[in-house]
>>> print(open('final.cif').read())   # mmCIF, C-alpha atoms
data_protein
loop_
_atom_site.label_atom_id
_atom_site.label_comp_id
_atom_site.auth_asym_id
_atom_site.auth_seq_id
_atom_site.Cartn_x
_atom_site.Cartn_y
_atom_site.Cartn_z
CA MET X 1 -60.50 -32.77 38.97
CA LYS X 2 -58.38 -35.85 39.56
CA ARG X 3 -60.12 -37.43 42.52
CA LYS X 4 -57.01 -39.27 43.67
CA ASN X 5 -54.94 -36.09 43.84
CA VAL X 6 -57.58 -34.05 45.63
CA ASP X 7 -58.21 -36.76 48.19
CA ALA X 8 -54.47 -37.02 48.77
CA LEU X 9 -54.68 -33.53 50.27
CA PHE X 10 -56.36 -34.96 53.34
CA MET X 11 -54.15 -38.03 53.62
CA VAL X 12 -50.81 -36.43 54.16
CA ALA X 13 -49.38 -38.54 56.93
CA PRO X 14 -47.58 -41.49 55.34
CA ILE X 15 -47.13 -45.00 56.59
CA LEU X 16 -45.65 -44.27 60.02
CA GLU X 17 -45.74 -46.57 62.97
CA THR X 18 -48.63 -46.30 65.40
CA PRO X 19 -48.18 -43.57 68.04
CA ARG X 20 -47.83 -46.27 70.74
CA THR X 21 -44.46 -47.36 69.38
CA ARG X 22 -42.89 -43.92 69.27
CA ILE X 23 -42.37 -41.12 71.79
CA ASN X 24 -45.38 -38.82 71.93
CA ILE X 25 -44.00 -35.32 71.37
CA PRO X 26 -46.42 -32.38 71.76
CA ALA X 27 -47.07 -30.58 68.46
CA GLY X 28 -45.78 -27.23 69.80
CA VAL X 29 -42.47 -28.80 70.94
CA HIS X 30 -42.16 -30.59 67.60
CA LEU X 31 -42.74 -27.32 65.74
CA PHE X 32 -40.14 -25.53 67.90
CA ILE X 33 -37.50 -28.24 67.36
CA THR X 34 -38.25 -28.18 63.63
CA ILE X 35 -37.66 -24.44 63.45
CA VAL X 36 -34.42 -24.75 65.48
CA LEU X 37 -33.10 -27.60 63.28
CA SER X 38 -34.11 -25.81 60.08
CA SER X 39 -32.53 -22.53 61.13
CA SER X 40 -29.29 -24.11 62.33
CA ALA X 41 -28.83 -25.69 58.89
CA PHE X 42 -28.46 -22.14 57.58
CA LEU X 43 -25.69 -21.41 60.06
CA VAL X 44 -23.39 -24.41 59.53
CA ARG X 45 -20.58 -23.82 57.08
CA ASP X 46 -17.97 -26.61 57.29
CA VAL X 47 -18.10 -30.36 56.59
CA GLN X 48 -17.76 -31.34 60.29
CA TRP X 49 -20.78 -29.32 61.36
CA ILE X 50 -22.80 -30.52 58.39
CA SER X 51 -22.09 -34.15 59.29
CA THR X 52 -23.04 -33.40 62.90
CA MET X 53 -26.29 -31.89 61.68
CA ILE X 54 -26.96 -34.95 59.53
CA ALA X 55 -26.46 -37.16 62.60
CA VAL X 56 -28.75 -34.92 64.69
CA ASN X 57 -31.44 -35.00 62.00
CA LEU X 58 -31.23 -38.78 61.66
CA GLY X 59 -31.48 -39.04 65.44
CA TRP X 60 -34.53 -36.78 65.41
CA MET X 61 -36.10 -38.98 62.72
CA ALA X 62 -35.50 -42.02 64.93
CA VAL X 63 -37.04 -40.26 67.94
CA CYS X 64 -40.08 -39.35 65.83
CA GLY X 65 -40.43 -42.94 64.71
CA VAL X 66 -39.94 -42.29 60.99
CA PRO X 67 -38.95 -45.64 59.43
CA TRP X 68 -35.60 -45.69 57.59
CA ARG X 69 -37.31 -46.73 54.36
CA GLN X 70 -38.90 -43.24 54.34
CA LEU X 71 -35.45 -41.69 53.98
CA LYS X 72 -35.65 -42.21 50.21
CA ARG X 73 -38.87 -40.19 50.11
CA LEU X 74 -37.14 -37.42 52.06
CA VAL X 75 -34.11 -37.24 49.78
CA ARG X 76 -35.90 -37.56 46.42
CA PRO X 77 -37.24 -33.96 46.18
CA PHE X 78 -33.68 -32.62 46.46
CA ALA X 79 -32.18 -34.64 43.59
CA MET X 80 -33.17 -32.05 40.96
CA GLN X 81 -31.82 -29.20 43.09
CA THR X 82 -28.49 -31.04 43.57
CA VAL X 83 -28.12 -31.65 39.84
CA MET X 84 -28.76 -27.97 39.14
CA LEU X 85 -26.24 -26.83 41.78
CA LEU X 86 -23.62 -29.30 40.49
CA ALA X 87 -24.10 -27.91 36.98
CA LEU X 88 -23.84 -24.29 38.13
CA TYR X 89 -20.80 -24.85 40.36
CA GLY X 90 -19.19 -27.12 37.75
CA PHE X 91 -19.66 -24.46 35.09
CA LYS X 92 -17.93 -21.88 37.27
CA GLN X 93 -15.25 -23.84 39.15
CA GLY X 94 -14.88 -27.08 37.19
CA GLN X 95 -14.06 -30.18 39.23
CA GLN X 96 -13.32 -28.09 42.31
CA GLY X 97 -16.95 -27.03 42.37
CA VAL X 98 -18.23 -30.52 43.19
CA LEU X 99 -17.51 -30.30 46.94
CA PRO X 100 -19.13 -26.89 47.55
CA ALA X 101 -22.12 -27.92 45.41
CA VAL X 102 -22.65 -31.09 47.44
CA GLN X 103 -22.15 -29.11 50.66
CA VAL X 104 -24.77 -26.52 49.71
CA SER X 105 -27.29 -29.13 48.56
CA LEU X 106 -26.81 -31.01 51.84
CA GLN X 107 -27.41 -27.75 53.73
CA LEU X 108 -30.53 -27.15 51.67
CA MET X 109 -31.72 -30.65 52.44
CA LEU X 110 -31.03 -30.19 56.16
CA THR X 111 -33.04 -26.96 56.12
CA LEU X 112 -36.08 -28.60 54.60
CA MET X 113 -35.94 -32.12 56.04
CA PRO X 114 -37.25 -31.36 59.58
CA PRO X 115 -40.44 -29.68 58.28
CA ILE X 116 -41.19 -32.72 56.14
CA VAL X 117 -40.74 -34.96 59.19
CA LEU X 118 -43.02 -32.57 61.12
CA SER X 119 -45.76 -32.91 58.52
CA TRP X 120 -45.48 -36.70 58.64
CA CYS X 121 -45.64 -36.97 62.41
CA VAL X 122 -48.15 -34.30 63.47
CA PRO X 123 -51.75 -34.62 62.20
CA ALA X 124 -53.31 -31.59 60.51
CA SER X 125 -55.97 -31.11 63.21
CA GLN X 126 -53.30 -31.06 65.95
CA MET X 127 -51.28 -28.51 63.98
CA ALA X 128 -54.34 -26.29 63.55
CA ARG X 129 -55.00 -26.51 67.30
CA THR X 130 -51.39 -25.58 68.04
CA PHE X 131 -51.61 -22.54 65.77
CA SER X 132 -54.86 -21.53 67.44
CA ARG X 133 -53.04 -21.07 70.78
CA TRP X 134 -50.95 -18.22 69.33
CA MET X 135 -53.41 -16.69 66.91
CA PRO X 136 -56.39 -14.36 67.52
CA ASP X 137 -59.69 -16.21 67.95
CA GLN X 138 -61.09 -15.20 64.59
CA ALA X 139 -57.94 -16.10 62.65
CA ALA X 140 -57.77 -19.47 64.38
CA PHE X 141 -61.43 -20.09 63.64
CA VAL X 142 -60.96 -19.13 60.00
CA LEU X 143 -57.95 -21.44 59.65
CA SER X 144 -59.60 -24.42 61.30
CA ALA X 145 -62.97 -23.78 59.58
CA SER X 146 -61.28 -23.48 56.19
CA LEU X 147 -59.49 -26.78 56.75
CA HIS X 148 -62.60 -28.41 58.21
CA PHE X 149 -65.06 -27.27 55.55
CA PHE X 150 -62.73 -27.43 52.60
CA PRO X 151 -63.74 -31.01 51.67
CA MET X 152 -67.30 -29.64 51.40
CA VAL X 153 -66.15 -26.84 49.10
CA LEU X 154 -64.21 -29.37 47.03
CA SER X 155 -67.22 -31.64 46.66
CA GLU X 156 -69.29 -28.63 45.55
CA TRP X 157 -66.61 -27.80 42.97
CA ARG X 158 -66.53 -31.43 41.84
CA ILE X 159 -70.32 -31.34 41.29
CA LEU X 160 -69.89 -28.08 39.36
CA TYR X 161 -67.20 -29.65 37.17
CA GLN X 162 -69.39 -32.67 36.42
CA ALA X 163 -72.42 -30.47 35.74
CA GLN X 164 -70.47 -28.36 33.26
CA GLN X 165 -69.21 -31.50 31.54
CA LEU X 166 -72.78 -32.79 31.29
CA ARG X 167 -73.70 -29.48 29.66
CA GLY X 168 -71.13 -30.30 27.02
CA VAL X 169 -68.38 -27.89 28.06
CA PRO X 170 -65.07 -29.43 26.90
CA LEU X 171 -63.34 -29.62 30.28
CA SER X 172 -61.92 -33.14 30.45
CA TRP X 173 -58.15 -33.45 30.88
CA LYS X 174 -57.80 -34.64 27.29
CA GLN X 175 -59.76 -31.71 25.89
CA LEU X 176 -57.82 -29.24 28.00
CA TRP X 177 -54.62 -30.04 26.11
CA ARG X 178 -56.02 -27.68 23.43
CA PRO X 179 -55.15 -24.15 24.51
CA TRP X 180 -58.27 -22.59 22.94
CA HIS X 181 -60.34 -24.41 25.60
CA TRP X 182 -58.51 -22.73 28.47
CA ARG X 183 -60.76 -19.66 28.35
CA LEU X 184 -63.68 -21.93 29.20
CA VAL X 185 -61.97 -22.97 32.43
CA LEU X 186 -62.15 -19.37 33.62
CA ARG X 187 -65.71 -18.77 32.42
CA CYS X 188 -67.33 -22.10 33.31
CA LEU X 189 -65.29 -23.26 36.30
CA VAL X 190 -63.41 -20.50 38.10
CA VAL X 191 -66.18 -17.88 38.12
CA PRO X 192 -68.93 -20.24 39.43
CA ALA X 193 -66.42 -21.73 41.88
CA VAL X 194 -65.79 -18.27 43.38
CA VAL X 195 -69.54 -17.69 43.62
CA ILE X 196 -70.01 -21.05 45.38
CA ALA X 197 -67.14 -20.32 47.81
CA MET X 198 -68.67 -16.92 48.60
CA SER X 199 -72.11 -18.38 49.31
CA LEU X 200 -70.69 -21.20 51.46
CA ALA X 201 -68.64 -18.68 53.44
CA HIS X 202 -71.83 -16.68 53.98
CA GLU X 203 -73.70 -19.76 55.26
CA ILE X 204 -70.90 -20.79 57.63
CA ALA X 205 -70.59 -17.24 58.97
CA LEU X 206 -74.34 -17.15 59.54
CA ALA X 207 -74.19 -20.48 61.41
CA ALA X 208 -71.29 -19.22 63.54
CA ARG X 209 -73.17 -16.02 64.38
CA ALA X 210 -76.23 -18.07 65.34
CA ARG X 211 -73.98 -19.92 67.83
CA ASN X 212 -72.87 -16.64 69.41
CA PHE X 213 -69.38 -16.63 67.91
CA ARG X 214 -67.47 -13.41 68.67
CA SER X 215 -69.88 -12.19 71.37
CA GLY X 216 -68.58 -14.22 74.26
CA LYS X 217 -65.64 -16.31 75.35
CA ARG X 218 -64.49 -19.20 73.19
CA SER X 219 -66.51 -22.07 74.61
CA CYS X 220 -65.52 -25.20 72.74
CA TRP X 221 -63.13 -26.68 70.23
CA MET X 222 -64.10 -29.60 68.07
CA GLU X 223 -61.00 -31.61 68.97
CA GLU X 224 -61.70 -31.31 72.68
CA ILE X 225 -65.16 -32.89 72.52
CA MET S 1 -62.30 6.91 69.74
CA LYS S 2 -61.65 3.28 70.55
CA SER S 3 -59.65 1.54 67.84
CA THR S 4 -60.91 -1.86 66.72
CA PRO S 5 -58.47 -4.77 66.52
CA PHE S 6 -56.99 -5.51 63.10
CA LEU S 7 -59.10 -8.57 62.25
CA ASP S 8 -62.34 -7.28 63.79
CA ARG S 9 -62.73 -4.94 60.84
CA LEU S 10 -63.06 -7.97 58.58
CA PRO S 11 -66.48 -9.66 58.54
CA LEU S 12 -66.38 -13.40 59.28
CA ARG S 13 -67.93 -14.17 55.89
CA ASP S 14 -65.12 -12.38 54.08
CA ALA S 15 -62.49 -13.99 56.32
CA LEU S 16 -63.88 -17.44 55.50
CA PHE S 17 -63.90 -16.58 51.81
CA LEU S 18 -60.22 -15.64 52.08
CA GLY S 19 -59.65 -19.00 53.79
CA PHE S 20 -61.30 -20.80 50.88
CA CYS S 21 -59.20 -18.85 48.38
CA ALA S 22 -56.11 -19.94 50.33
CA GLY S 23 -57.38 -23.51 50.20
CA ALA S 24 -57.91 -23.23 46.44
CA ILE S 25 -54.30 -22.09 45.99
CA ILE S 26 -53.11 -25.14 47.94
CA VAL S 27 -55.35 -27.54 45.99
CA CYS S 28 -54.11 -26.16 42.66
CA LYS S 29 -50.55 -26.52 43.90
CA ILE S 30 -51.23 -30.17 44.70
CA LEU S 31 -53.08 -30.89 41.45
CA PHE S 32 -50.25 -29.54 39.35
CA ARG S 33 -47.43 -31.14 41.29
CA TRP S 34 -46.02 -32.98 38.31
CA HIS S 35 -42.33 -32.67 39.23
CA LEU S 36 -41.50 -31.45 35.74
CA GLY S 37 -38.75 -29.27 37.10
CA ILE S 38 -40.46 -26.14 35.71
CA SER S 39 -39.60 -23.46 38.20
CA GLY S 40 -42.25 -21.00 39.36
CA HIS S 41 -45.37 -22.64 37.89
CA ALA S 42 -47.10 -22.42 41.27
CA MET S 43 -46.90 -18.62 41.00
CA PHE S 44 -49.68 -18.78 38.38
CA PHE S 45 -52.27 -20.14 40.83
CA THR S 46 -50.86 -18.21 43.78
CA LEU S 47 -51.24 -14.87 42.03
CA ILE S 48 -54.70 -15.61 40.63
CA GLY S 49 -55.86 -16.74 44.10
CA LEU S 50 -54.37 -13.73 45.86
CA MET S 51 -55.66 -11.20 43.35
CA VAL S 52 -59.19 -12.64 43.27
CA ALA S 53 -59.26 -12.77 47.08
CA ARG S 54 -58.15 -9.16 47.36
CA SER S 55 -60.61 -7.94 44.75
CA CYS S 56 -63.69 -9.74 46.13
CA VAL S 57 -63.19 -8.59 49.72
CA SER S 58 -63.07 -4.96 50.80
CA PHE S 59 -60.23 -5.45 53.26
CA ARG S 60 -56.97 -3.61 52.75
CA TRP S 61 -54.76 -6.56 53.67
CA GLY S 62 -56.94 -9.24 52.10
CA ALA S 63 -54.19 -10.69 49.91
CA THR S 64 -51.73 -10.77 52.82
CA LEU S 65 -54.24 -12.56 55.04
CA THR S 66 -54.90 -15.06 52.24
CA GLY S 67 -51.15 -15.54 51.87
CA VAL S 68 -50.72 -16.14 55.60
CA LEU S 69 -53.58 -18.66 55.60
CA ALA S 70 -52.23 -20.41 52.50
CA GLY S 71 -48.78 -20.57 54.10
CA LEU S 72 -50.18 -21.98 57.34
CA MET S 73 -52.25 -24.53 55.41
CA ALA S 74 -49.21 -25.55 53.40
CA MET S 75 -47.26 -25.93 56.65
CA THR S 76 -50.09 -27.86 58.26
CA LEU S 77 -50.47 -30.20 55.30
CA GLY S 78 -46.72 -30.56 54.84
CA LEU S 79 -46.87 -29.28 51.28
CA GLY S 80 -43.71 -28.35 49.43
CA LYS S 81 -40.18 -28.33 50.74
CA GLY S 82 -40.30 -25.02 52.55
CA GLY S 83 -41.38 -25.88 56.08
CA PRO S 84 -41.72 -22.69 58.11
CA LEU S 85 -40.07 -20.89 55.18
CA ILE S 86 -42.99 -21.75 52.90
CA LEU S 87 -44.94 -18.95 54.60
CA THR S 88 -42.71 -16.37 52.89
CA LYS S 89 -43.49 -17.85 49.46
CA PHE S 90 -47.11 -16.80 49.86
CA VAL S 91 -46.87 -13.76 52.14
CA VAL S 92 -44.23 -11.74 50.28
CA PRO S 93 -46.04 -11.69 46.88
CA ALA S 94 -49.28 -10.98 48.77
CA LEU S 95 -47.68 -7.98 50.48
CA VAL S 96 -46.59 -6.68 47.07
CA ILE S 97 -50.15 -7.02 45.72
CA ASP S 98 -51.66 -5.28 48.75
CA GLY S 99 -49.04 -2.55 48.61
CA ALA S 100 -49.66 -1.95 44.90
CA LEU S 101 -53.41 -1.83 45.43
CA LEU S 102 -53.03 0.64 48.28
CA LEU S 103 -51.34 3.00 45.85
CA PHE S 104 -53.42 2.17 42.75
CA PRO S 105 -56.77 0.65 43.78
CA MET S 106 -57.82 -0.01 40.16
CA ALA S 107 -54.56 -1.70 39.17
CA LEU S 108 -56.05 -5.16 38.69
CA TRP S 109 -58.79 -4.03 36.31
CA SER S 110 -56.58 -3.19 33.35
CA VAL S 111 -54.31 -5.75 31.71
CA ALA S 112 -51.29 -3.41 31.54
CA THR S 113 -51.31 -2.42 35.23
CA CYS S 114 -52.18 -5.95 36.27
CA ILE S 115 -49.10 -7.19 34.40
CA VAL S 116 -46.95 -4.68 36.27
CA VAL S 117 -48.35 -5.74 39.66
CA ALA S 118 -48.01 -9.45 38.79
CA LEU S 119 -44.42 -9.02 37.59
CA LEU S 120 -43.55 -7.18 40.80
CA ALA S 121 -45.14 -9.95 42.85
CA GLY S 122 -43.51 -12.65 40.72
CA SER S 123 -40.08 -11.08 41.06
CA THR S 124 -40.19 -11.74 44.81
CA LYS S 125 -39.27 -15.34 43.98
CA PHE S 126 -35.92 -14.03 42.71
CA PHE S 127 -35.28 -12.16 45.96
CA LEU S 128 -36.40 -15.05 48.16
CA SER S 129 -34.16 -17.46 46.28
CA TRP S 130 -31.29 -14.94 46.46
CA VAL S 131 -31.71 -14.38 50.21
CA GLN S 132 -31.87 -18.15 50.80
CA GLY S 133 -28.66 -18.63 48.78
CA ILE S 134 -26.88 -15.86 50.69
CA PHE S 135 -27.90 -17.37 54.04
CA LEU S 136 -26.69 -20.79 52.92
CA GLY S 137 -23.32 -19.22 52.10
CA MET S 138 -23.38 -20.07 48.38
CA ASP S 139 -20.94 -18.61 45.91
CA SER S 140 -22.19 -15.15 44.89
CA THR S 141 -22.29 -15.92 41.15
CA VAL S 142 -24.12 -19.20 41.71
CA VAL S 143 -26.60 -17.42 44.00
CA VAL S 144 -27.47 -14.95 41.25
CA GLN S 145 -27.66 -17.66 38.56
CA ARG S 146 -29.86 -19.89 40.69
CA ALA S 147 -32.11 -16.99 41.67
CA ALA S 148 -32.33 -15.95 38.01
CA ILE S 149 -33.43 -19.46 36.95
CA ASP S 150 -36.10 -19.44 39.67
CA GLY S 151 -37.08 -15.83 38.97
CA VAL S 152 -37.49 -16.11 35.19
CA GLY S 153 -39.86 -19.08 35.46
CA SER S 154 -41.84 -17.26 38.11
CA LEU S 155 -42.07 -14.08 35.98
CA ILE S 156 -43.36 -16.02 32.95
CA PHE S 157 -46.13 -17.63 35.00
CA SER S 158 -46.92 -14.31 36.72
CA LEU S 159 -47.39 -12.76 33.29
CA LEU S 160 -49.80 -15.53 32.30
CA ALA S 161 -51.75 -15.02 35.55
CA ALA S 162 -51.94 -11.28 34.91
CA LEU S 163 -53.48 -11.92 31.49
CA CYS S 164 -56.32 -13.93 33.10
CA VAL S 165 -57.14 -11.77 36.12
CA PRO S 166 -58.80 -8.62 34.61
CA SER S 167 -61.29 -10.62 32.52
CA LEU S 168 -61.98 -12.87 35.51
CA LEU S 169 -62.70 -9.85 37.70
CA ARG S 170 -65.03 -8.37 35.07
CA GLN S 171 -66.99 -11.62 34.96
CA LEU S 172 -67.17 -11.74 38.74
CA LYS S 173 -68.41 -8.16 38.78
CA ALA S 174 -71.05 -8.99 36.19
CA ARG S 175 -72.32 -11.75 38.51
CA GLY S 176 -72.48 -9.42 41.50
CA VAL S 177 -69.60 -10.96 43.48
CA ILE S 178 -67.63 -7.72 43.31
CA ARG S 179 -70.00 -4.89 43.99
CA ASP S 180 -67.74 -1.87 44.05
CA SER S 181 -64.94 -1.76 41.52
CA THR S 182 -63.25 1.20 43.21
CA ARG S 183 -62.18 -0.95 46.18
#
>>> encode(input="final.cif", output="structure tokens")
Amino acid sequence: MKRKNVDALFMVAPILETPRTRINIPAGVHLFITIVLSSSAFLVRDVQWISTMIAVNLGWMAVCGVPWRQLKRLVRPFAMQTVMLLALYGFKQGQQGVLPAVQVSLQLMLTLMPPIVLSWCVPASQMARTFSRWMPDQAAFVLSASLHFFPMVLSEWRILYQAQQLRGVPLSWKQLWRPWHWRLVLRCLVVPAVVIAMSLAHEIALAARARNFRSGKRSCWMEEI
Amino acid sequence: MKSTPFLDRLPLRDALFLGFCAGAIIVCKILFRWHLGISGHAMFFTLIGLMVARSCVSFRWGATLTGVLAGLMAMTLGLGKGGPLILTKFVVPALVIDGALLLFPMALWSVATCIVVALLAGSTKFFLSWVQGIFLGMDSTVVVQRAAIDGVGSLIFSLLAALCVPSLLRQLKARGVIRDSTR
């Protein structure tokens, strides 16, 4: 596995300012505003409302303390989508299709921009805690435990990958360009990885049962210690 | 007779395993985020993850629960461009898989039936893209064209996933992970 990519999973929040310099918005409120902003982007139809929504979103970014230089990172994922829409509209309506294509891609961007801002501003642990307020105990535990223990599972899988390579299984990225090696990925990586995940799940469940999980009231959350 | 709550019928071990499967889907999505513009490639890992999760755990809505967890993880980690909508990308195909397995419990063990289930699950991308386009007020022809571009890519990768799953399940059964193939 590419170590850099896997580690990036747990380093989502980009270079934002320290929380002291921006308004501290509770995660639940942030999530609610995100859903409202995202949903209203579906409802707007004309240019005036779209420009209002753009202004509102930019304002929201400012409130959240997202630096303006991050705007490029926000817009980049939508470039491909815009090109495709321009091509499709242009094919059907010619030059007249440019305006509706731009309008729709802006709407699409407005739908998906607030969630990206949400993920930048609210840490993963805080999000998991927010979800746990609305979810059943077991589901919340499973979600937070999966997130919490997943680095452990990943390191087990990394050891497995290295062990198989030491055994001589051709699993390096270069060797995997040859399609006849792909079967080995299933046999030597995926199957043992499932077995490892199953045994880790068993151990964690056993540890939770030993701590009286499920029999009484929820007594503690890691973040609250 | 007192009815037990929905999730209490699922042992914690199995629930955690589903959580790890969801995590694996997310990691694969991150690892193969190459921005090549190939639509639907994530469906390959999503379907393999959902189908393996459902087959290894004797819980009727195992795939759906994995889908919900994967969606929540994706939301939590800020993955993809979907935001709250990203949940549907995982949950809808998972519902199709669970629904198909309710009707035909052995569907994932033969390549032919697995292909049918995977294509049904993969086609949800077309409908999701179509519904999104309709809500955004796009031109009807463009909506269909855009959904078709998304859908075809997704179907191709679903087909590839379906070719892997039966042999994977047989190997897992040989190692004792799946004990009862009639689940």
>>> atom_distance(input="final.cif", atom1="atom CA of S:Trp130", atom2="atom CA of S:Val143")
5.8 Å
>>> closest_residue(input="final.cif", among="X:Leu171, X:Ile35, X:Ala79, X:Val29", to="chain S", atoms="all atoms listed in the file")
X:Ile35
>>> closest_residue(input="final.cif", among="X:Gln138, X:Ser144, X:Ser105, X:Thr130", to="X:Val83", atoms="all atoms listed in the file")
X:Ser105
>>> atom_distance(input="final.cif", atom1="atom CA of X:Val153", atom2="atom CA of S:Gly19")
11.2 Å
>>> residues_around(input="final.cif", residues="X:Leu184", least_positions_apart="2", cutoff="8 Å", atoms="only C-alpha atoms", output="PyMOL selection string")
chain X and resi 169-171+181-182+186-189
>>> write_last_selection(input="final.cif", atoms="C-alpha atoms", output="short mmCIF file (atom, residue, chain, number, x, y, z; two decimals), in the frame of the given file")
data_model
loop_
_atom_site.label_atom_id
_atom_site.label_comp_id
_atom_site.auth_asym_id
_atom_site.auth_seq_id
_atom_site.Cartn_x
_atom_site.Cartn_y
_atom_site.Cartn_z
CA VAL X 169 -68.38 -27.89 28.06
CA PRO X 170 -65.07 -29.43 26.90
CA LEU X 171 -63.34 -29.62 30.28
CA HIS X 181 -60.34 -24.41 25.60
CA TRP X 182 -58.51 -22.73 28.47
CA LEU X 186 -62.15 -19.37 33.62
CA ARG X 187 -65.71 -18.77 32.42
CA CYS X 188 -67.33 -22.10 33.31
CA LEU X 189 -65.29 -23.26 36.30
#
>>> atom_distance(input="final.cif", atom1="atom CA of X:Ser39", atom2="atom CA of S:Leu50")
28.1 Å
>>> closest_residue(input="final.cif", among="S:Leu87, S:Leu136, S:Leu65, S:Leu163", to="chain X", atoms="all atoms listed in the file")
S:Leu136
>>> residues_around(input="final.cif", residues="stretch 201-209 of chain X", least_positions_apart="2", cutoff="6 Å", atoms="all atoms listed in the file", output="PDB file with C-alpha atoms, in the frame of the given file")
ATOM      1  CA  MET X 198     -68.670 -16.920  48.600  1.00  0.00           C
ATOM      2  CA  SER X 199     -72.110 -18.380  49.310  1.00  0.00           C
ATOM      3  CA  ARG X 211     -73.980 -19.920  67.830  1.00  0.00           C
ATOM      4  CA  ASN X 212     -72.870 -16.640  69.410  1.00  0.00           C
ATOM      5  CA  PHE X 213     -69.380 -16.630  67.910  1.00  0.00           C
TER       6      PHE X 213
ATOM      7  CA  LEU S  12     -66.380 -13.400  59.280  1.00  0.00           C
ATOM      8  CA  ARG S  13     -67.930 -14.170  55.890  1.00  0.00           C
ATOM      9  CA  LEU S  16     -63.880 -17.440  55.500  1.00  0.00           C
ATOM     10  CA  PHE S  17     -63.900 -16.580  51.810  1.00  0.00           C
TER      11      PHE S  17
END
>>> resolve_selection(input="final.cif", expression="the PyMOL selection byres ((chain X and resi 82) around 9)", output="list in words")
Phe78, Ala79, Met80, Gln81, Val83, Met84, Leu85, Leu86, Ala87, Ala101, Val102, Val104, Ser105 and Leu106 of chain X
>>> resolve_selection(input="final.cif", expression="the PyMOL selection byres ((chain S and resi 40-44) around 7)", output="list in words")
Lys29, Ile38, Ser39, Phe45, Thr46, Leu47, Ile48, Gly122, Asp150, Gly153, Ser154, Phe157, Ser158, Leu160 and Ala161 of chain S
>>> resolve_selection(input="final.cif", expression="the PyMOL selection byres ((chain S and resi 127) around 12)", output="MDAnalysis selection string")
chainID S and resid 88:89 92:93 120:126 128:134 143:152 154
>>> residues_near_point(input="final.cif", point="(-35.1, -27.3, 60.2)", cutoff="7 Å", atoms="only C-alpha atoms", output="list in words")
Thr34, Ile35, Val36, Leu37, Ser38, Ser39, Ser40, Ala41, Leu110, Thr111, Leu112, Met113, Pro114 and Pro115 of chain X
>>> residues_around(input="final.cif", residues="X:Ala193", least_positions_apart="2", cutoff="12 Å", atoms="all atoms listed in the file", output="JSON, numbers by chain")
{"X": [153, 154, 155, 156, 157, 158, 159, 160, 161, 164, 185, 186, 187, 188, 189, 190, 191, 195, 196, 197, 198, 199, 200], "S": [17, 20, 21, 24, 49, 52, 168, 172, 177]}
>>> residues_around(input="final.cif", residues="X:Leu147", least_positions_apart="3", cutoff="8 Å", atoms="all atoms listed in the file", output="ChimeraX atom specification")
/X:143-144,150-151 /S:23,73
>>> residues_around(input="final.cif", residues="stretch 103-105 of chain S", least_positions_apart="4", cutoff="12 Å", atoms="only C-alpha atoms", output="PDB file with C-alpha atoms, in the coordinates of the input")
ATOM      1  CA  MET S  51     -55.660 -11.200  43.350  1.00  0.00           C
ATOM      2  CA  ARG S  54     -58.150  -9.160  47.360  1.00  0.00           C
ATOM      3  CA  SER S  55     -60.610  -7.940  44.750  1.00  0.00           C
ATOM      4  CA  SER S  58     -63.070  -4.960  50.800  1.00  0.00           C
ATOM      5  CA  PHE S  59     -60.230  -5.450  53.260  1.00  0.00           C
ATOM      6  CA  ARG S  60     -56.970  -3.610  52.750  1.00  0.00           C
ATOM      7  CA  VAL S  96     -46.590  -6.680  47.070  1.00  0.00           C
ATOM      8  CA  ILE S  97     -50.150  -7.020  45.720  1.00  0.00           C
ATOM      9  CA  ASP S  98     -51.660  -5.280  48.750  1.00  0.00           C
ATOM     10  CA  GLY S  99     -49.040  -2.550  48.610  1.00  0.00           C
ATOM     11  CA  TRP S 109     -58.790  -4.030  36.310  1.00  0.00           C
ATOM     12  CA  SER S 110     -56.580  -3.190  33.350  1.00  0.00           C
ATOM     13  CA  THR S 113     -51.310  -2.420  35.230  1.00  0.00           C
ATOM     14  CA  CYS S 114     -52.180  -5.950  36.270  1.00  0.00           C
ATOM     15  CA  VAL S 116     -46.950  -4.680  36.270  1.00  0.00           C
ATOM     16  CA  VAL S 117     -48.350  -5.740  39.660  1.00  0.00           C
ATOM     17  CA  ASP S 180     -67.740  -1.870  44.050  1.00  0.00           C
ATOM     18  CA  SER S 181     -64.940  -1.760  41.520  1.00  0.00           C
ATOM     19  CA  THR S 182     -63.250   1.200  43.210  1.00  0.00           C
ATOM     20  CA  ARG S 183     -62.180  -0.950  46.180  1.00  0.00           C
TER      21      ARG S 183
END
>>> closest_residue(input="final.cif", among="S:Ala15, S:Val68, S:Leu10, S:Leu102", to="chain X", atoms="only C-alpha atoms")
S:Ala15
>>> build_atoms(input="final.cif", residues="stretch 86-90 of chain X", atoms="N, CA and C atoms", output="mmCIF file, in the coordinates of the input")
data_model
loop_
_atom_site.group_PDB
_atom_site.id
_atom_site.type_symbol
_atom_site.label_atom_id
_atom_site.label_comp_id
_atom_site.auth_asym_id
_atom_site.auth_seq_id
_atom_site.Cartn_x
_atom_site.Cartn_y
_atom_site.Cartn_z
ATOM 1 N N LEU X 86 -24.856 -28.700 41.033
ATOM 2 C CA LEU X 86 -23.620 -29.300 40.490
ATOM 3 C C LEU X 86 -23.288 -28.684 39.137
ATOM 4 N N ALA X 87 -24.322 -28.497 38.303
ATOM 5 C CA ALA X 87 -24.100 -27.910 36.980
ATOM 6 C C ALA X 87 -23.590 -26.484 37.096
ATOM 7 N N LEU X 88 -24.229 -25.700 37.994
ATOM 8 C CA LEU X 88 -23.840 -24.290 38.130
ATOM 9 C C LEU X 88 -22.430 -24.151 38.691
ATOM 10 N N TYR X 89 -22.132 -24.918 39.757
ATOM 11 C CA TYR X 89 -20.800 -24.850 40.360
ATOM 12 C C TYR X 89 -19.752 -25.412 39.393
ATOM 13 N N GLY X 90 -20.127 -26.518 38.701
ATOM 14 C CA GLY X 90 -19.190 -27.120 37.750
ATOM 15 C C GLY X 90 -18.858 -26.176 36.622
#
